[in-house]
>>> print(open('model_9.tsv').read())   # TSV, C-alpha atoms and all ligand atoms
chain	number	residue	atom	x	y	z
A	1	MET	CA	0.00	0.00	0.00
A	2	SER	CA	1.37	3.43	-0.95
A	3	GLU	CA	1.33	6.58	1.20
A	4	SER	CA	-1.81	7.68	-0.62
A	5	GLY	CA	-3.61	4.50	0.45
A	6	VAL	CA	-4.03	3.47	-3.18
A	7	SER	CA	-2.36	0.22	-4.34
A	8	PRO	CA	-1.87	0.28	-8.09
A	9	VAL	CA	-1.86	-2.97	-10.04
A	10	TYR	CA	0.08	-1.29	-12.86
A	11	LYS	CA	3.62	0.03	-12.84
A	12	ARG	CA	3.40	2.28	-15.91
A	13	VAL	CA	0.21	3.75	-17.31
A	14	LEU	CA	-0.63	5.70	-20.45
A	15	LEU	CA	-3.65	7.93	-19.86
A	16	LYS	CA	-5.47	9.31	-22.90
A	17	LEU	CA	-7.27	12.56	-22.09
A	18	SER	CA	-9.49	13.75	-24.91
A	19	GLY	CA	-9.81	17.41	-25.66
A	20	ASN	CA	-13.31	17.36	-24.22
A	21	SER	CA	-11.89	16.80	-20.74
A	22	PHE	CA	-10.45	20.33	-20.99
A	23	CYS	CA	-13.87	22.01	-21.23
A	24	ARG	CA	-17.42	21.65	-19.95
A	25	ALA	CA	-19.75	19.17	-21.66
A	26	GLY	CA	-21.12	20.62	-24.88
A	27	GLU	CA	-18.66	23.52	-24.84
A	28	SER	CA	-15.30	24.10	-26.50
A	29	GLY	CA	-12.05	25.85	-25.60
A	30	ILE	CA	-10.40	25.47	-22.21
A	31	THR	CA	-12.09	25.79	-18.81
A	32	MET	CA	-9.40	25.66	-16.15
A	33	ALA	CA	-11.88	24.46	-13.51
A	34	GLU	CA	-12.28	21.25	-15.57
A	35	VAL	CA	-8.53	20.90	-16.06
A	36	SER	CA	-7.94	21.42	-12.33
A	37	SER	CA	-10.53	18.83	-11.44
A	38	VAL	CA	-8.87	16.21	-13.69
A	39	SER	CA	-5.50	17.27	-12.29
A	40	SER	CA	-6.53	16.61	-8.70
A	41	GLN	CA	-7.59	13.08	-9.69
A	42	ILE	CA	-4.27	12.61	-11.48
A	43	LYS	CA	-2.41	13.80	-8.39
A	44	ARG	CA	-4.01	11.06	-6.31
A	45	ILE	CA	-2.87	8.33	-8.63
A	46	HIS	CA	0.57	9.91	-9.04
A	47	ASP	CA	0.91	9.85	-5.23
A	48	SER	CA	0.28	6.10	-5.35
A	49	GLY	CA	3.62	5.69	-7.11
A	50	VAL	CA	2.32	4.68	-10.51
A	51	GLN	CA	4.35	5.98	-13.47
A	52	LEU	CA	2.10	8.12	-15.62
A	53	ALA	CA	2.34	9.44	-19.19
A	54	ILE	CA	-0.59	11.43	-20.55
A	55	VAL	CA	-1.49	11.93	-24.21
A	56	CYS	CA	-3.68	15.01	-24.74
A	57	GLY	CA	-6.32	15.31	-27.42
A	58	GLY	CA	-7.23	18.60	-29.05
A	59	GLY	CA	-10.85	18.22	-30.11
A	60	ASN	CA	-12.00	20.99	-27.73
A	61	ILE	CA	-10.12	23.40	-29.99
A	62	LEU	CA	-9.92	21.85	-33.44
A	63	ARG	CA	-10.19	18.45	-35.15
A	64	GLY	CA	-8.36	18.33	-38.46
A	65	ARG	CA	-10.92	16.34	-40.39
A	66	ASP	CA	-13.89	18.46	-39.28
A	67	PHE	CA	-12.08	21.74	-39.87
A	68	ALA	CA	-10.89	20.75	-43.36
A	69	ALA	CA	-14.44	19.65	-44.24
A	70	VAL	CA	-15.89	23.13	-43.60
A	71	SER	CA	-12.95	25.21	-44.80
A	72	ALA	CA	-12.55	25.17	-48.57
A	73	SER	CA	-9.27	27.09	-48.52
A	74	ILE	CA	-7.58	24.83	-45.96
A	75	LYS	CA	-5.73	21.75	-47.13
A	76	ALA	CA	-6.38	18.65	-45.03
A	77	PRO	CA	-2.79	18.26	-43.79
A	78	THR	CA	-2.77	21.91	-42.67
A	79	ALA	CA	-5.92	21.31	-40.64
A	80	HIS	CA	-4.35	18.24	-39.04
A	81	TYR	CA	-1.24	20.23	-38.09
A	82	MET	CA	-3.55	22.82	-36.53
A	83	GLY	CA	-5.16	19.99	-34.56
A	84	MET	CA	-1.76	18.81	-33.36
A	85	LEU	CA	-0.92	22.34	-32.21
A	86	ALA	CA	-4.24	22.41	-30.34
A	87	THR	CA	-3.04	19.44	-28.29
A	88	VAL	CA	0.03	21.47	-27.29
A	89	ILE	CA	-2.20	24.29	-26.02
A	90	ASN	CA	-4.02	21.70	-23.89
A	91	GLY	CA	-0.72	20.21	-22.77
A	92	LEU	CA	0.46	23.58	-21.49
A	93	ALA	CA	-2.79	24.08	-19.57
A	94	LEU	CA	-2.54	20.60	-18.05
A	95	GLN	CA	1.10	21.11	-17.12
A	96	ASP	CA	0.39	24.23	-15.09
A	97	ALA	CA	-2.71	22.72	-13.48
A	98	LEU	CA	-0.75	19.64	-12.41
A	99	GLU	CA	2.20	21.64	-11.13
A	100	ASN	CA	-0.21	23.87	-9.23
A	101	ALA	CA	-1.50	20.69	-7.58
A	102	GLY	CA	2.07	19.77	-6.63
A	103	VAL	CA	2.75	17.18	-9.35
A	104	PRO	CA	6.15	17.38	-11.09
A	105	THR	CA	5.75	17.28	-14.86
A	106	ARG	CA	7.50	17.43	-18.18
A	107	LEU	CA	5.83	18.37	-21.45
A	108	GLN	CA	7.18	16.66	-24.56
A	109	THR	CA	5.99	17.36	-28.09
A	110	ALA	CA	6.16	15.28	-31.25
A	111	ILE	CA	6.72	18.49	-33.25
A	112	ARG	CA	9.81	20.33	-32.09
A	113	MET	CA	9.17	23.67	-30.36
A	114	GLU	CA	12.15	24.15	-28.08
A	115	GLY	CA	10.96	27.38	-26.52
A	116	VAL	CA	7.83	25.69	-25.23
A	117	ALA	CA	8.55	22.06	-24.45
A	118	GLU	CA	11.04	19.24	-24.77
A	119	PRO	CA	10.96	17.14	-27.92
A	120	PHE	CA	9.57	13.62	-27.46
A	121	ILE	CA	12.59	11.37	-26.96
A	122	ARG	CA	11.57	7.90	-25.89
A	123	ARG	CA	14.46	7.21	-23.55
A	124	ARG	CA	14.20	10.63	-21.95
A	125	CYS	CA	10.47	10.16	-21.47
A	126	VAL	CA	11.06	6.83	-19.70
A	127	ARG	CA	13.74	8.41	-17.50
A	128	HIS	CA	11.31	11.14	-16.41
A	129	LEU	CA	8.73	8.49	-15.56
A	130	GLU	CA	11.27	6.55	-13.50
A	131	LYS	CA	12.04	9.75	-11.60
A	132	GLY	CA	8.36	10.18	-10.73
A	133	ARG	CA	7.52	12.96	-13.17
A	134	VAL	CA	4.24	12.90	-15.03
A	135	VAL	CA	5.08	13.21	-18.73
A	136	ILE	CA	2.53	15.03	-20.87
A	137	LEU	CA	2.83	14.05	-24.52
A	138	ALA	CA	1.47	16.55	-27.03
A	139	ALA	CA	1.32	17.08	-30.80
A	140	GLY	CA	0.08	13.54	-31.34
A	141	THR	CA	2.35	11.43	-33.51
A	142	GLY	CA	3.73	14.52	-35.27
A	143	GLY	CA	2.15	13.39	-38.55
A	144	PRO	CA	-1.25	14.22	-40.09
A	145	PHE	CA	-4.34	12.08	-40.82
A	146	VAL	CA	-4.40	10.19	-37.54
A	147	THR	CA	-5.84	10.97	-34.13
A	148	THR	CA	-4.41	11.23	-30.66
A	149	ASP	CA	-5.88	7.77	-29.93
A	150	THR	CA	-3.31	6.39	-32.34
A	151	ALA	CA	-0.65	8.55	-30.69
A	152	ALA	CA	-1.66	7.15	-27.29
A	153	ALA	CA	-1.40	3.54	-28.43
A	154	LEU	CA	1.88	4.18	-30.24
A	155	ARG	CA	3.46	5.86	-27.23
A	156	ALA	CA	2.14	3.13	-24.93
A	157	ARG	CA	4.01	0.61	-27.07
A	158	GLU	CA	7.15	2.71	-27.14
A	159	ILE	CA	7.36	3.31	-23.40
A	160	GLU	CA	6.15	-0.23	-22.60
A	161	ALA	CA	3.11	0.88	-20.65
A	162	ASP	CA	1.12	-1.86	-18.92
A	163	VAL	CA	-2.23	-0.39	-19.90
A	164	VAL	CA	-3.91	2.39	-21.87
A	165	LEU	CA	-6.59	4.19	-19.87
A	166	LYS	CA	-9.09	5.97	-22.07
A	167	ALA	CA	-10.87	8.60	-19.99
A	168	THR	CA	-14.36	9.35	-21.34
A	169	ARG	CA	-17.71	10.76	-20.26
A	170	VAL	CA	-19.48	7.41	-20.67
A	171	ASP	CA	-19.22	4.35	-18.45
A	172	GLY	CA	-17.52	2.11	-21.00
A	173	VAL	CA	-18.10	0.44	-24.34
A	174	TYR	CA	-21.71	-0.36	-25.25
A	175	SER	CA	-23.30	-2.64	-27.83
A	176	ASP	CA	-25.09	0.46	-29.18
A	177	ASP	CA	-25.37	4.16	-28.37
A	178	PRO	CA	-26.76	4.14	-24.79
A	179	GLU	CA	-28.29	7.59	-25.28
A	180	LYS	CA	-30.34	6.41	-28.25
A	181	ASN	CA	-30.97	2.75	-27.43
A	182	PRO	CA	-32.19	1.98	-23.87
A	183	HIS	CA	-31.37	-1.72	-24.44
A	184	ALA	CA	-27.70	-1.04	-25.23
A	185	GLU	CA	-25.49	-3.16	-22.97
A	186	ARG	CA	-22.13	-2.26	-21.52
A	187	TYR	CA	-19.38	-4.80	-22.05
A	188	ALA	CA	-17.34	-5.56	-18.92
A	189	THR	CA	-14.64	-7.11	-21.10
A	190	ILE	CA	-14.28	-7.52	-24.83
A	191	SER	CA	-11.55	-8.80	-27.15
A	192	PHE	CA	-9.65	-6.62	-29.61
A	193	GLN	CA	-11.01	-8.79	-32.42
A	194	ASP	CA	-14.62	-8.15	-31.38
A	195	VAL	CA	-14.02	-4.40	-31.17
A	196	LEU	CA	-12.73	-4.45	-34.75
A	197	ARG	CA	-15.34	-6.95	-36.01
A	198	HIS	CA	-18.28	-4.92	-34.66
A	199	ASP	CA	-16.64	-1.56	-35.40
A	200	LEU	CA	-17.19	-0.47	-31.79
A	201	LYS	CA	-16.18	3.10	-31.07
A	202	VAL	CA	-13.42	2.49	-28.52
A	203	MET	CA	-10.42	4.02	-30.23
A	204	ASP	CA	-9.68	4.20	-33.93
A	205	ALA	CA	-8.63	1.02	-35.72
A	206	GLN	CA	-4.94	1.92	-35.90
A	207	ALA	CA	-4.86	2.41	-32.15
A	208	ILE	CA	-6.57	-0.94	-31.58
A	209	HIS	CA	-4.05	-2.65	-33.86
A	210	HIS	CA	-1.10	-1.18	-31.96
A	211	CYS	CA	-2.50	-2.37	-28.62
A	212	MET	CA	-3.48	-5.76	-30.02
A	213	GLU	CA	-0.02	-6.40	-31.49
A	214	GLN	CA	1.63	-5.69	-28.14
A	215	ASN	CA	-1.24	-7.09	-26.05
A	216	ILE	CA	-1.63	-3.85	-24.11
A	217	PRO	CA	-5.12	-3.76	-22.57
A	218	ILE	CA	-7.29	-0.66	-22.94
A	219	VAL	CA	-9.63	0.33	-20.12
A	220	VAL	CA	-12.43	2.71	-21.15
A	221	PHE	CA	-13.97	4.42	-18.12
A	222	ASN	CA	-15.88	7.47	-16.97
A	223	TYR	CA	-13.32	9.83	-15.45
A	224	GLN	CA	-16.02	12.21	-14.25
A	225	LYS	CA	-17.24	9.90	-11.51
A	226	PRO	CA	-15.18	10.79	-8.44
A	227	GLY	CA	-12.61	8.12	-7.56
A	228	ASN	CA	-12.87	6.25	-10.87
A	229	LEU	CA	-9.28	6.91	-11.92
A	230	GLU	CA	-8.10	5.43	-8.62
A	231	ARG	CA	-10.46	2.48	-9.03
A	232	VAL	CA	-9.08	1.75	-12.46
A	233	ILE	CA	-5.47	1.74	-11.35
A	234	THR	CA	-6.24	-0.50	-8.39
A	235	GLY	CA	-7.71	-2.99	-10.84
A	236	GLU	CA	-11.38	-2.63	-9.88
A	237	PRO	CA	-13.47	-3.93	-12.76
A	238	ILE	CA	-15.15	-0.68	-13.77
A	239	GLY	CA	-15.81	0.52	-17.32
A	240	THR	CA	-14.82	-1.83	-20.14
A	241	ARG	CA	-11.56	-3.69	-20.43
A	242	VAL	CA	-10.50	-4.40	-24.00
A	243	GLY	CA	-8.08	-7.28	-24.56
A	244	GLY	CA	-5.29	-8.32	-22.26
A	245	ALA	CA	-7.04	-11.44	-20.98
B	301	LIG	N1	-3.78	14.96	-35.11
B	301	LIG	C1	-2.94	14.60	-36.15
B	301	LIG	N2	-1.97	13.65	-35.92
B	301	LIG	C2	-1.83	13.03	-34.72
B	301	LIG	C3	-2.73	13.37	-33.68
B	301	LIG	C4	-3.69	14.34	-33.90
B	301	LIG	O1	-3.05	15.11	-37.25
B	301	LIG	O2	-0.93	12.19	-34.57
B	301	LIG	C5	-4.76	16.04	-35.32
B	301	LIG	C6	-6.06	15.54	-35.93
B	301	LIG	O3	-6.48	16.47	-36.87
B	301	LIG	C7	-6.99	15.52	-34.73
B	301	LIG	C8	-6.51	16.70	-33.91
B	301	LIG	O4	-5.09	16.64	-34.07
B	301	LIG	O5	-8.34	15.68	-35.09
B	301	LIG	C9	-6.88	16.68	-32.45
B	301	LIG	O6	-6.73	15.39	-31.92
B	301	LIG	P1	-7.99	14.41	-31.61
B	301	LIG	O7	-9.07	14.63	-32.60
B	301	LIG	O8	-7.45	13.03	-31.50
B	301	LIG	O9	-8.44	14.95	-30.19
B	301	LIG	P2	-9.54	14.35	-29.18
B	301	LIG	O10	-10.67	13.78	-29.98
B	301	LIG	O11	-8.86	13.29	-28.38
B	301	LIG	O12	-9.92	15.52	-28.36
>>> encode(input="model_9.tsv", output="structure tokens", more="lines below")
Ligand code: UDP
Amino acid sequence: MSESGVSPVYKRVLLKLSGNSFCRAGESGITMAEVSSVSSQIKRIHDSGVQLAIVCGGGNILRGRDFAAVSASIKAPTAHYMGMLATVINGLALQDALENAGVPTRLQTAIRMEGVAEPFIRRRCVRHLEKGRVVILAAGTGGPFVTTDTAAALRAREIEADVVLKATRVDGVYSDDPEKNPHAERYATISFQDVLRHDLKVMDAQAIHHCMEQNIPIVVFNYQKPGNLERVITGEPIGTRVGGA
């Protein structure tokens, strides 16, 4: 048992925080109250001794595909680069919120911007984790046409994370949209193959493939329920666990 009273079952965790965890439901932009609330949950699991890397999304500011679709003069790759830069804006907000909560951090970006953050260097990232720093990973993969889900799975493979935690506003993965179909059922566990076969919206297919190839489980859970992040890292069976059986 750690000082925080939380006993993690994982040594190294990759947490994927979508852009929508940086703002209020239905809104866009950044609301620091939301970022601070996530940060205080992150502090509790950091205090448990778990090594934590966080991949930030950017959808609260801009998603490349959506922006290109409504902007005739913008080329798709440009829109995707804008989306990657959006994740850096979120990363900076998260870094200050975490440090304000007393959590040591490093921000690393997949697109070099020396004045703002370190470049992502795998071995340096792992060293920070070993020293107890939370590493925030921004700018996705550094390349267009993919999402930060793919970046999360890729980085999880690279840093040899034990699990990918996908923080969402729903309780897990359902057989259908639970808001539209009252009979939709939540899966407690599901295989990677079934996620792909049924095209379930867990993470995009490239992300699933990365995790499947390395057998890194993905836990999809509702981060907005107080204590859920701690429950997940102590191995409580909440949300949906994909693969890793
Ligand atoms: N993006 C990209 N390459 C990457 C990761 C992200 O081009 O490796 C762009 C993409 O346009 C994406 C945007 O950055 O829409 C923001 O990321 P994402 O949509 O994954 O954010 P989230 O949905 O998690 O908030």
>>> residues_around(input="model_9.tsv", residues="range 127-144 of chain A", least_positions_apart="4", cutoff="8 Å", atoms="only C-alpha atoms", output="PyMOL selection string")
chain A and resi 46+49+51-57+77+80-81+84-88+91+95+103-111+120+123+148+150-152+154
>>> closest_residue(input="model_9.tsv", among="A:Val35, A:Met203, A:Val173, A:Leu92", to="ligand LIG 301 (chain B)", atoms="only C-alpha atoms and all ligand atoms")
A:Met203
>>> atom_distance(input="model_9.tsv", atom1="CA of Arg124 in chain A", atom2="CA of Tyr223 in chain A")
28.3 Å
>>> closest_residue(input="model_9.tsv", among="A:Ala167, A:Val202, A:Val6, A:Ala72", to="Asn20 in chain A", atoms="all atoms listed in the file")
A:Ala167
>>> residues_around(input="model_9.tsv", residues="range 209-219 of chain A", least_positions_apart="3", cutoff="9 Å", atoms="all atoms listed in the file", output="PyMOL selection string")
chain A and resi 150+153-154+156-157+160-167+172+192-193+196+202+204-206+232+238-245
>>> closest_residue(input="model_9.tsv", among="A:Ile208, A:Leu15, A:Val146, A:Val70", to="ligand LIG 301 (chain B)", atoms="only C-alpha atoms and all ligand atoms")
A:Val146
>>> axis_aligned_box(input="model_9.tsv", around="ligand LIG 301 (chain B)", padding_each_side="5 Å", output="lines of an AutoDock Vina configuration file")
center_x = -5.8
center_y = 14.4
center_z = -32.8
size_x = 19.7
size_y = 14.5
size_z = 18.9
>>> atom_distance(input="model_9.tsv", atom1="CA of Ala93 in chain A", atom2="atom C9 of ligand LIG 301 (chain B)")
15.4 Å
>>> atom_distance(input="model_9.tsv", atom1="CA of Arg186 in chain A", atom2="atom O12 of ligand LIG 301 (chain B)")
22.6 Å
>>> residues_around(input="model_9.tsv", residues="Lys225 in chain A", least_positions_apart="5", cutoff="10 Å", atoms="all atoms listed in the file", output="PDB file with C-alpha atoms, in the coordinates of the input")
ATOM      1  CA  ARG A 169     -17.710  10.760 -20.260  1.00  0.00           C
ATOM      2  CA  VAL A 170     -19.480   7.410 -20.670  1.00  0.00           C
ATOM      3  CA  ASP A 171     -19.220   4.350 -18.450  1.00  0.00           C
TER       4      ASP A 171
END
>>> residues_around(input="model_9.tsv", residues="Ile30 in chain A", least_positions_apart="2", cutoff="10 Å", atoms="all atoms listed in the file", output="number ranges by chain")
A: 19-24, 27-28, 32-35, 60-61, 89-90, 93
>>> closest_residue(input="model_9.tsv", among="A:Thr234, A:Ser36, A:Thr147, A:Ser48", to="Gly64 in chain A", atoms="only C-alpha atoms")
A:Thr147
>>> closest_residue(input="model_9.tsv", among="A:Val9, A:Met82, A:Ile42, A:Ala207", to="ligand LIG 301 (chain B)", atoms="only C-alpha atoms and all ligand atoms")
A:Met82
>>> closest_residue(input="model_9.tsv", among="A:Asn100, A:Ser73, A:Thr31, A:Thr78", to="ligand LIG 301 (chain B)", atoms="all atoms listed in the file")
A:Thr78
